[in-house]
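Here's the structure we're looking at; comments come further down.
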Amino acid sequence: MGIEIERKFLVTGDGWRGQASMQTRFSQGYLSREPARTVRVRIAGDAAFLTIKGATQGATRAEFEYGIPLADAGQLLALCDGPVVEKIRHLCPHEGMTWEVDEFLGANAGLVVAEIELVAEGQVFARPGWLGAEVTGDARYVNANLAVNPFTHWGAARS
């Protein structure tokens, strides 16, 4: 079984930009946004993927990802439930780990989050200085939810 163990944090300031080694534009939509199973279609640069994720337990969930033809991904995005989420992902190496910093666009503009994938929930990792509050357990920051409740609509409820 594929497993994803991921922690997510808000990003403060622009200090991460000096560490970014690569960037890719993402367009992603959801064929299913059920909490027990999320089915995502993603175009990442010139590649495309279909991803199935299970329910999250702590920072862990089942994840299965498969490459699909780019043309198929474009057609599947048109079938998605809710708007497409657009973002630019920056890879930021820091003390032997790679952080994925997502800079959201469109209706989620202004939101920047950093994710780190771990091999165990209790794994220790160095926190870069630009890392803000942890939002791993906050459902508002789940990409499937950002599709239908975008960051720019949160108003005073932003943290």
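Ordering of the structure tokens sets the chain letters (A, B, ...); residue numbers start at 1 within each chain; ligands are numbered from 1 in the order shown.
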12 Å contact set for Phe104 in chain A, only C-alpha atoms, chain neighbours under 5 positions out, as a PyMOL selection string:
chain A and resi 10-11+24-28+84-90+109-114+141+143+146-147+150-152
If you keep N, CA, C and O atoms, can you produce a file of those selected residues as a compact mmCIF listing (two decimals), in the first residue's frame?
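part-v8.txt written:
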# COMPACT_ATOMS: atom_id res chain seq x y z
N LEU A 10 2.26 27.02 7.45
CA LEU A 10 2.20 28.30 6.75
C LEU A 10 3.63 28.80 6.57
O LEU A 10 4.53 28.41 7.32
N VAL A 11 3.81 29.65 5.58
CA VAL A 11 5.13 30.23 5.30
C VAL A 11 5.07 31.71 5.64
O VAL A 11 4.09 32.40 5.32
N THR A 24 7.55 24.29 -10.43
CA THR A 24 6.65 23.66 -11.38
C THR A 24 5.26 24.23 -11.17
O THR A 24 4.80 24.34 -10.02
N ARG A 25 4.58 24.55 -12.25
CA ARG A 25 3.19 25.01 -12.16
C ARG A 25 2.26 23.81 -12.12
O ARG A 25 2.42 22.87 -12.89
N PHE A 26 1.29 23.85 -11.20
CA PHE A 26 0.33 22.78 -11.04
C PHE A 26 -1.08 23.29 -11.31
O PHE A 26 -1.43 24.40 -10.90
N SER A 27 -1.87 22.47 -11.98
CA SER A 27 -3.32 22.65 -12.09
C SER A 27 -3.92 21.35 -11.61
O SER A 27 -3.56 20.27 -12.11
N GLN A 28 -4.82 21.43 -10.64
CA GLN A 28 -5.38 20.19 -10.12
C GLN A 28 -6.85 20.37 -9.78
O GLN A 28 -7.27 21.43 -9.34
N VAL A 84 -10.69 24.39 -10.46
CA VAL A 84 -9.33 23.87 -10.50
C VAL A 84 -8.46 24.73 -9.58
O VAL A 84 -8.58 25.96 -9.57
N VAL A 85 -7.59 24.09 -8.80
CA VAL A 85 -6.64 24.79 -7.92
C VAL A 85 -5.36 24.99 -8.73
O VAL A 85 -4.84 24.05 -9.32
N GLU A 86 -4.87 26.22 -8.75
CA GLU A 86 -3.65 26.57 -9.46
C GLU A 86 -2.59 27.00 -8.45
O GLU A 86 -2.89 27.75 -7.52
N LYS A 87 -1.37 26.50 -8.65
CA LYS A 87 -0.29 26.88 -7.74
C LYS A 87 1.05 26.65 -8.42
O LYS A 87 1.15 25.93 -9.41
N ILE A 88 2.07 27.27 -7.86
CA ILE A 88 3.44 27.03 -8.29
C ILE A 88 4.14 26.36 -7.11
O ILE A 88 4.14 26.89 -5.99
N ARG A 89 4.71 25.19 -7.38
CA ARG A 89 5.44 24.45 -6.33
C ARG A 89 6.93 24.72 -6.49
O ARG A 89 7.49 24.56 -7.57
N HIS A 90 7.55 25.12 -5.39
CA HIS A 90 8.99 25.38 -5.33
C HIS A 90 9.61 24.33 -4.43
O HIS A 90 9.11 24.08 -3.33
N ALA A 109 -4.83 33.06 -4.14
CA ALA A 109 -3.66 33.93 -4.15
C ALA A 109 -3.42 34.52 -2.77
O ALA A 109 -4.36 34.87 -2.05
N GLY A 110 -2.16 34.59 -2.39
CA GLY A 110 -1.78 35.11 -1.08
C GLY A 110 -1.47 34.00 -0.09
O GLY A 110 -0.86 34.24 0.94
N LEU A 111 -1.89 32.79 -0.40
CA LEU A 111 -1.63 31.65 0.48
C LEU A 111 -0.33 30.98 0.03
O LEU A 111 -0.17 30.64 -1.14
N VAL A 112 0.58 30.79 0.98
CA VAL A 112 1.84 30.07 0.73
C VAL A 112 2.01 29.08 1.87
O VAL A 112 2.02 29.46 3.04
N VAL A 113 2.10 27.79 1.51
CA VAL A 113 2.28 26.74 2.51
C VAL A 113 3.50 25.90 2.16
O VAL A 113 3.88 25.79 0.99
N ALA A 114 4.09 25.31 3.17
CA ALA A 114 5.24 24.42 2.99
C ALA A 114 4.85 23.04 3.52
O ALA A 114 4.25 22.93 4.59
N TYR A 141 -6.88 24.04 4.90
CA TYR A 141 -5.67 24.08 4.07
C TYR A 141 -5.51 22.84 3.19
O TYR A 141 -4.52 22.72 2.47
N ASN A 143 -5.99 20.89 -0.06
CA ASN A 143 -6.20 21.39 -1.41
C ASN A 143 -7.61 21.12 -1.93
O ASN A 143 -8.20 21.96 -2.60
N LEU A 146 -9.66 23.81 -0.58
CA LEU A 146 -9.34 25.11 -1.18
C LEU A 146 -10.00 25.28 -2.54
O LEU A 146 -10.24 26.39 -2.99
N ALA A 147 -10.33 24.16 -3.20
CA ALA A 147 -11.01 24.23 -4.50
C ALA A 147 -12.40 24.85 -4.35
O ALA A 147 -12.84 25.60 -5.22
N PRO A 150 -12.05 28.84 -1.31
CA PRO A 150 -10.71 29.43 -1.52
C PRO A 150 -10.31 30.44 -0.45
O PRO A 150 -11.14 31.10 0.17
N PHE A 151 -9.01 30.55 -0.29
CA PHE A 151 -8.37 31.40 0.71
C PHE A 151 -8.86 32.85 0.65
O PHE A 151 -9.07 33.47 1.69
N THR A 152 -9.06 33.38 -0.55
CA THR A 152 -9.49 34.79 -0.67
C THR A 152 -10.90 35.01 -0.16
O THR A 152 -11.30 36.16 0.05
Within 9 Å of Glu95 in chain A using only C-alpha atoms, minus same-chain residues under 4 positions, as a PyMOL selection string
chain A and resi 125-128
Using only C-alpha atoms: which of A:Gly74, A:Pro93, A:Gly67, A:Gly54 has the shortest distance to Val39 in chain A:
A:Gly54
Give the strand (DSSP E or B) residues of chain A, as assigned by DSSP on the backbone, as JSON, numbers by chain.
{"A": [3, 4, 5, 6, 7, 8, 9, 10, 11, 22, 23, 24, 25, 26, 27, 28, 29, 30, 31, 32, 33, 34, 37, 38, 39, 40, 41, 42, 43, 44, 47, 48, 49, 50, 51, 52, 53, 54, 57, 60, 61, 62, 63, 64, 65, 66, 67, 85, 86, 87, 88, 89, 90, 91, 92, 93, 94, 97, 98, 99, 100, 101, 102, 103, 104, 112, 113, 114, 115, 116, 117, 131, 132, 133, 134]}
Which of these, A:Asp72, A:Glu4, A:Asp81, A:Asp14, has the shortest distance to Ser32 in chain A once you count only C-alpha atoms?
A:Asp81
